[in-house]
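Student: Before we start, here is the structure in question, set down as structure tokens.
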Amino acid sequence: MPLIWLSTNVKPESDDAFRIFVCEFRRFAAQTIGKDENAFIIDCRYNPFLTCRGGFEPSVLVQIMSLYNTNPENSIIWTKAFSDFFEEKLGVPAERAVMAFLDAGPDFIGMRGTTASVLRANAAKQG
């Protein structure tokens with residue numbers, strides 16, 4: 001269940017256009033990270049006050065939390081892929097797209113009233 005927080009100061013043309021962007025981003029993120037698109041939780045926001053490198057030029061700030069596949073090698077691959085995506089879709093150059101990739105561990109991801117580690121252990125007992 002990857003969790004993504006994306007903030008951009010690129011103003012969407014409309015709410016519908018932003019929804020389309022979020023759907024395209026979700027599909028791209030699933031393909032890039034290698035997880036099922038339906039498992040993603042994404043919080044995507046327009047923030048006119050987002051600054052990068054001392055200015056308000058088009059920028060993106062992204063935090064991606066993904067269990068079991070976040071590592072230094074994937075961080076390099078993902079950074080390039082997401083940077084290219086943001087440049088194509090939002091016109092944000094790579095030097096203004098900042099990303100953080102995290103694996104909090106299953107003990108620190110909560111859902112369905114428990115943690116991912118408990119759910120995984122229960123699934124292993126049943127299967």
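Residues are referred to by chain and number: the chain letter is A, B, ... according to the order shown in the structure tokens, the number counts from 1 in that chain, and ligands are numbered separately from 1 in the order shown.
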Considering only C-alpha atoms, return as a list of chain:residue names whatever protein or nucleic-acid residues lie within 8 Å of Phe40 (chain A), sequence-local ones (same chain, fewer than 6 positions apart) excluded.
Tutor: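 Within the cut-off, the hits are A:Met1, A:Pro2, A:Leu3, A:Ile4, A:Arg26, A:Ala30.
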Student: Show me, as a PyMOL selection string, the residues that have an atom within 7 Å of Leu6 (chain A) when counting only C-alpha atoms, minus same-chain residues fewer than 5 positions from it.
Tutor: chain A and resi 43-45+61-63
Student: From the DSSP assignment of the backbone, select every residue of chain A that is strand (DSSP E or B), and format the answer as a VMD selection string.
Tutor: chain A and resid 3 to 8 41 to 46 52 55 60 to 65 97 to 102 110 to 111 114 to 115
Student: Dump C-alpha atoms for the selected residues as a PDB file, in the first residue's frame?
Tutor:
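Result file is result_22.pdb:
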ATOM      1  CA  LEU A   3       1.373   6.270   0.284  1.00  0.00           C
ATOM      2  CA  ILE A   4       2.170   9.381  -1.741  1.00  0.00           C
ATOM      3  CA  TRP A   5       1.982  13.045  -0.821  1.00  0.00           C
ATOM      4  CA  LEU A   6       2.446  15.395  -3.768  1.00  0.00           C
ATOM      5  CA  SER A   7       2.366  19.167  -3.570  1.00  0.00           C
ATOM      6  CA  THR A   8       2.807  21.460  -6.556  1.00  0.00           C
ATOM      7  CA  ILE A  41      -3.263   6.200  -1.390  1.00  0.00           C
ATOM      8  CA  ILE A  42      -2.390   9.587  -2.916  1.00  0.00           C
ATOM      9  CA  ASP A  43      -2.799  13.061  -1.454  1.00  0.00           C
ATOM     10  CA  CYS A  44      -2.189  15.476  -4.336  1.00  0.00           C
ATOM     11  CA  ARG A  45      -2.528  19.199  -3.665  1.00  0.00           C
ATOM     12  CA  TYR A  46      -2.128  22.512  -5.378  1.00  0.00           C
ATOM     13  CA  CYS A  52      11.861  25.734  -4.269  1.00  0.00           C
ATOM     14  CA  GLY A  55      11.373  31.153  -5.779  1.00  0.00           C
ATOM     15  CA  VAL A  60       6.912  19.695  -7.074  1.00  0.00           C
ATOM     16  CA  LEU A  61       7.506  18.234  -3.612  1.00  0.00           C
ATOM     17  CA  VAL A  62       6.817  14.506  -3.263  1.00  0.00           C
ATOM     18  CA  GLN A  63       7.049  12.005  -0.437  1.00  0.00           C
ATOM     19  CA  ILE A  64       6.593   8.335  -1.329  1.00  0.00           C
ATOM     20  CA  MET A  65       6.300   5.614   1.289  1.00  0.00           C
ATOM     21  CA  ALA A  97      11.224  18.379  -8.414  1.00  0.00           C
ATOM     22  CA  VAL A  98      12.238  17.206  -4.935  1.00  0.00           C
ATOM     23  CA  MET A  99      11.380  13.720  -3.709  1.00  0.00           C
ATOM     24  CA  ALA A 100      11.791  11.649  -0.547  1.00  0.00           C
ATOM     25  CA  PHE A 101      11.426   7.860  -0.603  1.00  0.00           C
ATOM     26  CA  LEU A 102      10.735   6.033   2.642  1.00  0.00           C
ATOM     27  CA  GLY A 110      -1.740   1.339  10.055  1.00  0.00           C
ATOM     28  CA  MET A 111      -4.881   0.256   8.234  1.00  0.00           C
ATOM     29  CA  THR A 114      -4.252  -2.618  12.931  1.00  0.00           C
ATOM     30  CA  THR A 115      -0.794  -2.555  11.368  1.00  0.00           C
TER      31      THR A 115
END
Student: From the set A:Asn47, A:Asn38, A:Asn69, A:Thr32, which residue has the shortest atom-to-atom contact distance to Pro12 (chain A), counting only C-alpha atoms?
Tutor: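 Under the stated criterion, the closest residue is A:Asn47.
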Student: For Phe28 (chain A), find every residue with an atom within 12 Å (counting only C-alpha atoms), except residues of its own chain fewer than 2 positions away, and show them as a short mmCIF file (atom, residue, chain, number, x, y, z; two decimals) with N, CA, C and O atoms, in the first residue's frame.
Tutor:
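Saved the output as result.cif:
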data_model
loop_
_atom_site.label_atom_id
_atom_site.label_comp_id
_atom_site.auth_asym_id
_atom_site.auth_seq_id
_atom_site.Cartn_x
_atom_site.Cartn_y
_atom_site.Cartn_z
N PHE A 21 -5.01 14.47 -14.01
CA PHE A 21 -3.59 14.41 -13.69
C PHE A 21 -3.33 13.40 -12.57
O PHE A 21 -2.41 12.58 -12.66
N VAL A 22 -4.12 13.44 -11.51
CA VAL A 22 -3.93 12.52 -10.38
C VAL A 22 -4.09 11.07 -10.83
O VAL A 22 -3.31 10.20 -10.44
N CYS A 23 -5.07 10.80 -11.68
CA CYS A 23 -5.27 9.44 -12.20
C CYS A 23 -4.08 9.00 -13.05
O CYS A 23 -3.62 7.85 -12.94
N GLU A 24 -3.60 9.89 -13.91
CA GLU A 24 -2.42 9.58 -14.72
C GLU A 24 -1.21 9.34 -13.82
O GLU A 24 -0.43 8.41 -14.05
N PHE A 25 -1.05 10.17 -12.80
CA PHE A 25 0.06 10.02 -11.86
C PHE A 25 -0.03 8.70 -11.11
O PHE A 25 0.97 8.00 -10.94
N ARG A 26 -1.23 8.31 -10.67
CA ARG A 26 -1.42 7.05 -9.96
C ARG A 26 -1.01 5.87 -10.84
O ARG A 26 -0.28 4.97 -10.40
N ALA A 30 2.23 3.50 -10.06
CA ALA A 30 2.09 2.05 -9.92
C ALA A 30 3.06 1.32 -10.84
O ALA A 30 3.73 0.36 -10.42
N GLN A 31 3.15 1.76 -12.06
CA GLN A 31 4.06 1.14 -13.02
C GLN A 31 5.52 1.35 -12.58
O GLN A 31 6.32 0.42 -12.63
N THR A 32 5.85 2.55 -12.15
CA THR A 32 7.23 2.87 -11.76
C THR A 32 7.66 2.13 -10.51
O THR A 32 8.75 1.56 -10.45
N ILE A 33 6.79 2.11 -9.50
CA ILE A 33 7.13 1.49 -8.22
C ILE A 33 6.93 -0.02 -8.26
O ILE A 33 7.53 -0.76 -7.50
N GLY A 34 6.07 -0.47 -9.17
CA GLY A 34 5.85 -1.92 -9.31
C GLY A 34 4.85 -2.48 -8.33
O GLY A 34 4.99 -3.61 -7.87
N LYS A 35 3.83 -1.70 -8.03
CA LYS A 35 2.77 -2.18 -7.13
C LYS A 35 1.42 -1.92 -7.78
O LYS A 35 1.29 -1.08 -8.66
N ASP A 36 0.41 -2.66 -7.31
CA ASP A 36 -0.94 -2.57 -7.85
C ASP A 36 -1.51 -1.16 -7.69
O ASP A 36 -1.48 -0.59 -6.58
N GLU A 37 -2.00 -0.61 -8.77
CA GLU A 37 -2.57 0.74 -8.77
C GLU A 37 -3.66 0.91 -7.73
O GLU A 37 -3.82 1.98 -7.13
N PHE A 40 -2.75 2.10 -3.98
CA PHE A 40 -2.16 3.41 -3.69
C PHE A 40 -3.13 4.33 -2.94
O PHE A 40 -4.32 4.34 -3.22
N TRP A 78 13.56 5.73 -9.59
CA TRP A 78 12.29 6.42 -9.39
C TRP A 78 12.44 7.93 -9.55
O TRP A 78 11.57 8.58 -10.14
N ALA A 81 12.50 8.73 -13.23
CA ALA A 81 11.19 8.50 -13.85
C ALA A 81 10.19 9.58 -13.44
O ALA A 81 9.49 10.16 -14.29
N PHE A 82 10.10 9.88 -12.15
CA PHE A 82 9.15 10.88 -11.68
C PHE A 82 9.53 12.27 -12.18
O PHE A 82 8.67 13.07 -12.55
N SER A 83 10.81 12.58 -12.19
CA SER A 83 11.26 13.89 -12.71
C SER A 83 10.83 14.06 -14.16
O SER A 83 10.33 15.13 -14.54
N ASP A 84 11.03 13.03 -14.96
CA ASP A 84 10.61 13.09 -16.37
C ASP A 84 9.10 13.28 -16.48
O ASP A 84 8.61 14.06 -17.31
N PHE A 85 8.34 12.57 -15.65
CA PHE A 85 6.88 12.67 -15.66
C PHE A 85 6.44 14.10 -15.32
O PHE A 85 5.59 14.68 -16.00
N PHE A 86 7.01 14.67 -14.26
CA PHE A 86 6.61 16.02 -13.85
C PHE A 86 7.01 17.06 -14.88
O PHE A 86 6.29 18.04 -15.08
N LYS A 89 4.30 16.45 -17.77
CA LYS A 89 2.90 16.73 -17.44
C LYS A 89 2.66 18.11 -16.83
O LYS A 89 1.59 18.68 -17.00
#
